[in-house]
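Trainee: Structure file data_27.txt (compact mmCIF, N, CA, C and O atoms) is given on the next line.
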```
# COMPACT_ATOMS: atom_id res chain seq x y z
N MET A 1 92.19 126.28 66.48
CA MET A 1 92.40 125.07 67.24
C MET A 1 92.69 123.89 66.31
O MET A 1 93.49 123.05 66.64
N LYS A 2 91.99 123.85 65.16
CA LYS A 2 92.22 122.77 64.20
C LYS A 2 93.67 122.79 63.72
O LYS A 2 94.30 121.74 63.57
N TYR A 3 94.19 123.98 63.45
CA TYR A 3 95.55 124.10 62.93
C TYR A 3 96.58 123.67 63.97
O TYR A 3 97.57 123.03 63.63
N LEU A 4 96.34 124.00 65.24
CA LEU A 4 97.25 123.60 66.30
C LEU A 4 97.27 122.08 66.42
O LEU A 4 98.34 121.47 66.54
N GLY A 5 96.11 121.45 66.34
CA GLY A 5 96.03 119.99 66.40
C GLY A 5 96.75 119.35 65.22
O GLY A 5 97.43 118.33 65.37
N LEU A 6 96.61 119.94 64.03
CA LEU A 6 97.27 119.43 62.84
C LEU A 6 98.79 119.54 62.97
O LEU A 6 99.52 118.60 62.64
N VAL A 7 99.28 120.65 63.49
CA VAL A 7 100.72 120.85 63.68
C VAL A 7 101.27 119.84 64.68
O VAL A 7 102.33 119.24 64.47
N VAL A 8 100.56 119.61 65.77
CA VAL A 8 101.00 118.63 66.77
C VAL A 8 101.00 117.23 66.17
O VAL A 8 101.95 116.46 66.36
N PHE A 9 99.97 116.89 65.40
CA PHE A 9 99.89 115.58 64.76
C PHE A 9 101.06 115.36 63.79
O PHE A 9 101.70 114.32 63.79
N ILE A 10 101.37 116.35 62.98
CA ILE A 10 102.50 116.25 62.04
C ILE A 10 103.81 116.12 62.80
O ILE A 10 104.69 115.34 62.43
N GLY A 11 103.95 116.85 63.89
CA GLY A 11 105.16 116.77 64.70
C GLY A 11 105.34 115.37 65.28
O GLY A 11 106.45 114.83 65.32
N LEU A 12 104.25 114.77 65.73
CA LEU A 12 104.34 113.41 66.27
C LEU A 12 104.69 112.40 65.19
O LEU A 12 105.49 111.49 65.42
N LEU A 13 104.11 112.55 64.02
CA LEU A 13 104.44 111.63 62.93
C LEU A 13 105.89 111.75 62.48
O LEU A 13 106.53 110.75 62.15
N SER A 14 106.42 112.93 62.48
CA SER A 14 107.80 113.11 62.03
C SER A 14 108.80 112.50 63.01
O SER A 14 109.92 112.20 62.64
N GLY A 15 108.40 112.26 64.24
CA GLY A 15 109.28 111.65 65.23
C GLY A 15 109.24 110.14 65.25
O GLY A 15 109.84 109.51 66.10
N CYS A 16 108.54 109.52 64.30
CA CYS A 16 108.39 108.07 64.29
C CYS A 16 109.62 107.33 63.78
O CYS A 16 109.66 106.12 63.82
N GLY A 17 110.61 108.02 63.24
CA GLY A 17 111.85 107.37 62.82
C GLY A 17 111.81 106.79 61.42
O GLY A 17 112.64 105.97 61.07
N GLY A 18 110.89 107.19 60.61
CA GLY A 18 110.78 106.64 59.26
C GLY A 18 111.92 107.01 58.35
O GLY A 18 112.19 106.31 57.38
N GLY A 19 112.66 108.07 58.62
CA GLY A 19 113.72 108.51 57.73
C GLY A 19 115.10 108.06 58.11
O GLY A 19 116.08 108.44 57.49
N SER A 20 115.26 107.22 59.10
CA SER A 20 116.57 106.84 59.58
C SER A 20 117.10 105.63 58.82
O SER A 20 116.40 104.64 58.64
N ASP A 21 118.38 105.69 58.38
CA ASP A 21 119.01 104.57 57.70
C ASP A 21 120.02 103.86 58.60
O ASP A 21 120.78 103.03 58.14
N SER A 22 120.06 104.17 59.89
CA SER A 22 121.10 103.63 60.74
C SER A 22 120.81 102.23 61.25
O SER A 22 121.69 101.56 61.74
N SER A 23 119.56 101.75 61.14
CA SER A 23 119.27 100.38 61.53
C SER A 23 118.16 99.84 60.67
O SER A 23 117.39 100.58 60.07
N ASN A 24 118.08 98.51 60.61
CA ASN A 24 117.02 97.90 59.82
C ASN A 24 116.00 97.25 60.74
O ASN A 24 116.16 97.27 61.96
N SER A 25 114.96 96.65 60.18
CA SER A 25 113.87 96.11 60.98
C SER A 25 114.31 94.94 61.85
O SER A 25 113.67 94.63 62.84
N SER A 26 115.40 94.27 61.53
CA SER A 26 115.87 93.16 62.35
C SER A 26 116.85 93.60 63.42
O SER A 26 117.44 92.78 64.10
N GLY A 27 117.05 94.91 63.56
CA GLY A 27 117.88 95.43 64.64
C GLY A 27 119.34 95.62 64.28
O GLY A 27 120.12 96.01 65.13
N GLY A 28 119.74 95.37 63.05
CA GLY A 28 121.13 95.51 62.67
C GLY A 28 121.44 96.88 62.12
O GLY A 28 120.57 97.72 61.96
N ASP A 29 122.72 97.10 61.82
CA ASP A 29 123.17 98.37 61.26
C ASP A 29 123.03 98.36 59.74
O ASP A 29 123.28 97.35 59.10
N VAL A 30 122.64 99.51 59.18
CA VAL A 30 122.60 99.70 57.73
C VAL A 30 123.63 100.79 57.41
O VAL A 30 123.56 101.89 57.95
N VAL A 31 124.61 100.46 56.56
CA VAL A 31 125.67 101.40 56.22
C VAL A 31 125.90 101.42 54.72
O VAL A 31 125.57 100.46 54.02
N SER A 32 126.49 102.49 54.24
CA SER A 32 126.89 102.55 52.83
C SER A 32 128.19 101.76 52.67
O SER A 32 128.89 101.47 53.65
N ALA A 33 128.53 101.40 51.45
CA ALA A 33 129.78 100.67 51.19
C ALA A 33 130.98 101.51 51.62
O ALA A 33 131.93 100.99 52.20
N ASP A 34 130.93 102.82 51.36
CA ASP A 34 132.03 103.70 51.75
C ASP A 34 132.21 103.73 53.25
O ASP A 34 133.33 103.66 53.76
N ASP A 35 131.11 103.85 53.99
CA ASP A 35 131.20 103.88 55.45
C ASP A 35 131.68 102.53 56.00
O ASP A 35 132.45 102.49 56.96
N PHE A 36 131.23 101.44 55.41
CA PHE A 36 131.67 100.11 55.85
C PHE A 36 133.18 99.97 55.71
O PHE A 36 133.85 99.44 56.58
N LYS A 37 133.72 100.48 54.60
CA LYS A 37 135.15 100.33 54.33
C LYS A 37 136.03 101.31 55.12
O LYS A 37 137.25 101.21 55.07
N LYS A 38 135.44 102.22 55.87
CA LYS A 38 136.23 103.13 56.70
C LYS A 38 136.75 102.43 57.95
O LYS A 38 137.72 102.88 58.55
N ASN A 39 136.12 101.34 58.35
CA ASN A 39 136.51 100.63 59.57
C ASN A 39 137.24 99.34 59.21
O ASN A 39 136.63 98.31 58.96
N PHE A 40 138.56 99.41 59.18
CA PHE A 40 139.35 98.24 58.84
C PHE A 40 140.52 98.09 59.81
O PHE A 40 140.88 99.00 60.54
N GLU A 41 141.06 96.89 59.80
CA GLU A 41 142.24 96.57 60.60
C GLU A 41 143.33 96.13 59.63
O GLU A 41 143.06 95.38 58.69
N THR A 42 144.53 96.61 59.80
CA THR A 42 145.64 96.19 58.96
C THR A 42 146.19 94.88 59.51
O THR A 42 146.56 94.80 60.67
N VAL A 43 146.20 93.84 58.65
CA VAL A 43 146.61 92.50 59.06
C VAL A 43 147.68 92.00 58.10
O VAL A 43 147.56 92.17 56.89
N VAL A 44 148.71 91.37 58.64
CA VAL A 44 149.77 90.76 57.82
C VAL A 44 149.62 89.24 57.91
O VAL A 44 149.65 88.68 59.00
N ASP A 45 149.47 88.59 56.76
CA ASP A 45 149.37 87.13 56.71
C ASP A 45 150.73 86.55 57.06
O ASP A 45 151.73 86.84 56.39
N SER A 46 150.78 85.72 58.10
CA SER A 46 152.06 85.18 58.56
C SER A 46 152.69 84.20 57.57
O SER A 46 153.90 84.02 57.56
N ASP A 47 151.87 83.57 56.73
CA ASP A 47 152.41 82.61 55.75
C ASP A 47 152.94 83.29 54.50
O ASP A 47 154.00 82.92 53.98
N THR A 48 152.22 84.29 53.99
CA THR A 48 152.59 84.91 52.71
C THR A 48 153.27 86.26 52.87
O THR A 48 153.90 86.74 51.94
N GLY A 49 153.09 86.91 54.01
CA GLY A 49 153.64 88.25 54.22
C GLY A 49 152.81 89.34 53.57
O GLY A 49 153.19 90.51 53.60
N VAL A 50 151.67 88.99 52.99
CA VAL A 50 150.79 89.97 52.34
C VAL A 50 150.07 90.78 53.41
O VAL A 50 149.58 90.24 54.39
N THR A 51 150.04 92.10 53.21
CA THR A 51 149.34 92.99 54.13
C THR A 51 147.94 93.27 53.58
O THR A 51 147.79 93.62 52.41
N TYR A 52 146.93 93.08 54.43
CA TYR A 52 145.54 93.28 54.05
C TYR A 52 144.91 94.40 54.86
O TYR A 52 145.29 94.63 56.01
N GLN A 53 143.93 95.04 54.26
CA GLN A 53 142.97 95.84 55.01
C GLN A 53 141.80 94.89 55.26
O GLN A 53 141.13 94.47 54.33
N GLN A 54 141.61 94.52 56.51
CA GLN A 54 140.60 93.51 56.85
C GLN A 54 139.35 94.17 57.41
O GLN A 54 139.42 94.93 58.37
N PHE A 55 138.21 93.84 56.80
CA PHE A 55 136.91 94.32 57.26
C PHE A 55 136.23 93.14 57.94
O PHE A 55 136.15 92.05 57.37
N THR A 56 135.73 93.34 59.15
CA THR A 56 135.15 92.23 59.92
C THR A 56 133.73 92.56 60.36
O THR A 56 133.47 93.64 60.86
N VAL A 57 132.84 91.59 60.15
CA VAL A 57 131.49 91.63 60.72
C VAL A 57 131.55 90.69 61.91
O VAL A 57 131.73 89.48 61.75
N GLU A 58 131.47 91.25 63.11
CA GLU A 58 131.68 90.48 64.33
C GLU A 58 130.55 89.49 64.60
O GLU A 58 129.42 89.68 64.16
N GLU A 59 130.87 88.46 65.35
CA GLU A 59 129.89 87.45 65.73
C GLU A 59 128.75 88.09 66.50
O GLU A 59 128.96 88.95 67.36
N GLY A 60 127.54 87.72 66.15
CA GLY A 60 126.35 88.25 66.81
C GLY A 60 125.84 89.56 66.23
O GLY A 60 124.77 90.02 66.61
N SER A 61 126.59 90.16 65.32
CA SER A 61 126.14 91.44 64.73
C SER A 61 125.42 91.18 63.41
O SER A 61 125.64 90.17 62.75
N LYS A 62 124.54 92.11 63.06
CA LYS A 62 123.82 92.06 61.79
C LYS A 62 124.10 93.35 61.05
O LYS A 62 123.76 94.43 61.54
N THR A 63 124.71 93.25 59.89
CA THR A 63 125.08 94.43 59.11
C THR A 63 124.50 94.32 57.71
O THR A 63 124.57 93.25 57.10
N THR A 64 123.95 95.42 57.22
CA THR A 64 123.47 95.49 55.85
C THR A 64 124.23 96.61 55.15
O THR A 64 124.26 97.73 55.65
N ILE A 65 124.87 96.28 54.04
CA ILE A 65 125.53 97.29 53.22
C ILE A 65 124.53 97.68 52.14
O ILE A 65 124.13 96.86 51.33
N SER A 66 124.12 98.94 52.17
CA SER A 66 123.12 99.44 51.23
C SER A 66 123.83 100.11 50.06
O SER A 66 124.52 101.11 50.24
N LEU A 67 123.66 99.54 48.87
CA LEU A 67 124.30 100.07 47.67
C LEU A 67 123.37 101.03 46.94
O LEU A 67 122.15 100.84 46.92
N LYS A 68 123.96 102.03 46.32
CA LYS A 68 123.21 102.96 45.47
C LYS A 68 122.92 102.26 44.14
O LYS A 68 123.51 101.23 43.83
N ASP A 69 122.03 102.85 43.35
CA ASP A 69 121.72 102.29 42.03
C ASP A 69 123.01 102.11 41.24
O ASP A 69 123.85 103.00 41.20
N SER A 70 123.20 100.99 40.64
CA SER A 70 124.33 100.60 39.80
C SER A 70 125.67 100.54 40.55
O SER A 70 126.71 100.36 39.94
N GLU A 71 125.67 100.69 41.88
CA GLU A 71 126.91 100.56 42.66
C GLU A 71 127.21 99.08 42.87
O GLU A 71 126.31 98.26 43.04
N VAL A 72 128.49 98.73 42.86
CA VAL A 72 128.93 97.35 43.05
C VAL A 72 129.87 97.32 44.25
O VAL A 72 130.75 98.16 44.39
N PHE A 73 129.68 96.33 45.12
CA PHE A 73 130.58 96.17 46.27
C PHE A 73 131.74 95.28 45.84
O PHE A 73 131.53 94.15 45.40
N THR A 74 132.95 95.79 45.94
CA THR A 74 134.13 95.04 45.52
C THR A 74 135.20 95.06 46.61
O THR A 74 135.22 95.97 47.45
N LEU A 75 136.07 94.08 46.56
CA LEU A 75 137.26 94.05 47.40
C LEU A 75 138.46 94.15 46.49
O LEU A 75 138.53 93.48 45.45
N ALA A 76 139.43 94.99 46.85
CA ALA A 76 140.60 95.23 46.02
C ALA A 76 141.66 94.16 46.25
O ALA A 76 141.82 93.64 47.35
N SER A 77 142.38 93.86 45.19
CA SER A 77 143.52 92.97 45.28
C SER A 77 144.53 93.41 44.23
O SER A 77 144.33 93.21 43.03
N SER A 78 145.59 94.06 44.70
CA SER A 78 146.61 94.54 43.78
C SER A 78 147.96 94.56 44.49
O SER A 78 148.07 94.14 45.64
N ASP A 79 148.96 95.05 43.80
CA ASP A 79 150.29 95.17 44.41
C ASP A 79 150.30 96.19 45.55
O ASP A 79 151.06 96.06 46.50
N LYS A 80 149.47 97.20 45.43
CA LYS A 80 149.46 98.28 46.42
C LYS A 80 148.55 98.01 47.60
O LYS A 80 148.85 98.38 48.72
N ILE A 81 147.41 97.38 47.35
CA ILE A 81 146.43 97.17 48.41
C ILE A 81 145.65 95.88 48.17
O ILE A 81 145.32 95.54 47.05
N SER A 82 145.41 95.17 49.24
CA SER A 82 144.55 93.99 49.21
C SER A 82 143.56 94.12 50.34
O SER A 82 143.91 94.57 51.43
N GLU A 83 142.33 93.73 50.07
CA GLU A 83 141.28 93.82 51.08
C GLU A 83 140.74 92.43 51.37
O GLU A 83 140.65 91.59 50.48
N LYS A 84 140.38 92.21 52.62
CA LYS A 84 139.91 90.91 53.07
C LYS A 84 138.64 91.13 53.88
O LYS A 84 138.59 92.02 54.74
N LEU A 85 137.62 90.32 53.63
CA LEU A 85 136.35 90.41 54.35
C LEU A 85 136.18 89.17 55.20
O LEU A 85 136.21 88.05 54.69
N VAL A 86 135.99 89.36 56.51
CA VAL A 86 135.76 88.26 57.44
C VAL A 86 134.38 88.44 58.03
O VAL A 86 134.09 89.45 58.67
N VAL A 87 133.50 87.45 57.80
CA VAL A 87 132.12 87.53 58.29
C VAL A 87 131.92 86.46 59.35
O VAL A 87 131.93 85.27 59.05
N LYS A 88 131.74 86.91 60.59
CA LYS A 88 131.46 86.00 61.71
C LYS A 88 129.99 86.12 62.11
O LYS A 88 129.46 85.24 62.76
N GLY A 89 129.37 87.24 61.76
CA GLY A 89 127.96 87.49 62.07
C GLY A 89 127.13 87.36 60.82
O GLY A 89 127.35 86.48 60.00
N SER A 90 126.18 88.28 60.66
CA SER A 90 125.27 88.27 59.52
C SER A 90 125.54 89.49 58.65
O SER A 90 125.53 90.61 59.13
N LEU A 91 125.77 89.26 57.34
CA LEU A 91 126.02 90.34 56.41
C LEU A 91 125.09 90.22 55.22
O LEU A 91 124.97 89.17 54.60
N THR A 92 124.40 91.32 54.91
CA THR A 92 123.55 91.40 53.73
C THR A 92 124.05 92.56 52.89
O THR A 92 124.29 93.65 53.42
N ILE A 93 124.19 92.33 51.60
CA ILE A 93 124.59 93.40 50.67
C ILE A 93 123.45 93.56 49.68
O ILE A 93 123.10 92.62 48.98
N LYS A 94 122.85 94.77 49.68
CA LYS A 94 121.72 94.98 48.76
C LYS A 94 121.72 96.39 48.24
O LYS A 94 122.33 97.27 48.74
```
Let me see the file written as structure tokens.

Mentor:
Amino acid sequence: MKYLGLVVFIGLLSGCGGGSDSSNSSGGDVVSADDFKKNFETVVDSDTGVTYQQFTVEEGSKTTISLKDSEVFTLASSDKISEKLVVKGSLTIK
């Protein structure tokens, strides 16, 4: 009976959500830099004609980009690709 109680207790603890990285304590999304950069919109600047991959944090949203040890979050700017970040909501990079 003791073992059955212990198994049930462990099962309940494992369902508490401690291992999930999909949201943070303030209710926002937590994503890796790679996953964040998968969602972009191609935008052409009407004044310069430059084409950007635009990443947007929408108004009212809370996003945290979680970096690995020694990882750096960068935006590219070259002849081949330019990236643009538009933050209307809350963005944390850590």

Trainee: If we draw a sphere of 8 Å around (137.7, 87.7, 54.5), which residues have at least one atom in it when counting all atoms listed in the file? Please report them as a VMD selection string.

Mentor: chain A and resid 53 to 56 83 to 87

Trainee: Counting only N, CA, C and O atoms, figure out which residue out of A:Ile65, A:Ile93, A:Val57, A:Val50 gets nearest to Ala33 (chain A).

Mentor: A:Ile65

Trainee: Rounded to one decimal place, report the CA of Glu58 (chain A)-CA of Lys38 (chain A) distance in Å.

Mentor: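 CA of Lys38 (chain A) lies at a distance of 15.5 Å from CA of Glu58 (chain A).
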
Trainee: So how many Å separate atom N of Tyr52 (chain A) and atom C of Ile81 (chain A), to one decimal?

Mentor: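 Separation of atom N of Tyr52 (chain A) and atom C of Ile81 (chain A): 7.0 Å.
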
Trainee: How many Å separate atom O of Asp69 (chain A) from CA of Asp29 (chain A)?

Mentor: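 Atom-to-atom, atom O of Asp69 (chain A) and CA of Asp29 (chain A) are spaced 20.6 Å apart.
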
Trainee: From the options A:Asp34, A:Glu59, A:Glu71, A:Asp79, which residue's atoms come nearest to Lys94 (chain A), counting only C-alpha atoms?

Mentor: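 Looking only at the distances to Lys94 (chain A), the closest residue turns out to be A:Glu71.
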
Trainee: Where does DSSP see strand (DSSP E or B) in region 57-93 of chain A, if you list the residues as a list of chain:residue names?

Mentor: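 Those in region 57-93 of chain A that DSSP calls strand (DSSP E or B) are A:Val57, A:Lys62, A:Thr63, A:Thr64, A:Ile65, A:Ser66, A:Ser77, A:Ser82, A:Glu83, A:Lys84, A:Leu85, A:Val86, A:Val87, A:Ser90, A:Leu91, A:Thr92, A:Ile93.
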
Trainee: Nearest residue to Lys88 (chain A) out of A:Lys68, A:Val31, A:Leu75, A:Ser61, using only C-alpha atoms?

Mentor: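 Once distances to Lys88 (chain A) are computed over only C-alpha atoms, the minimum belongs to A:Ser61.
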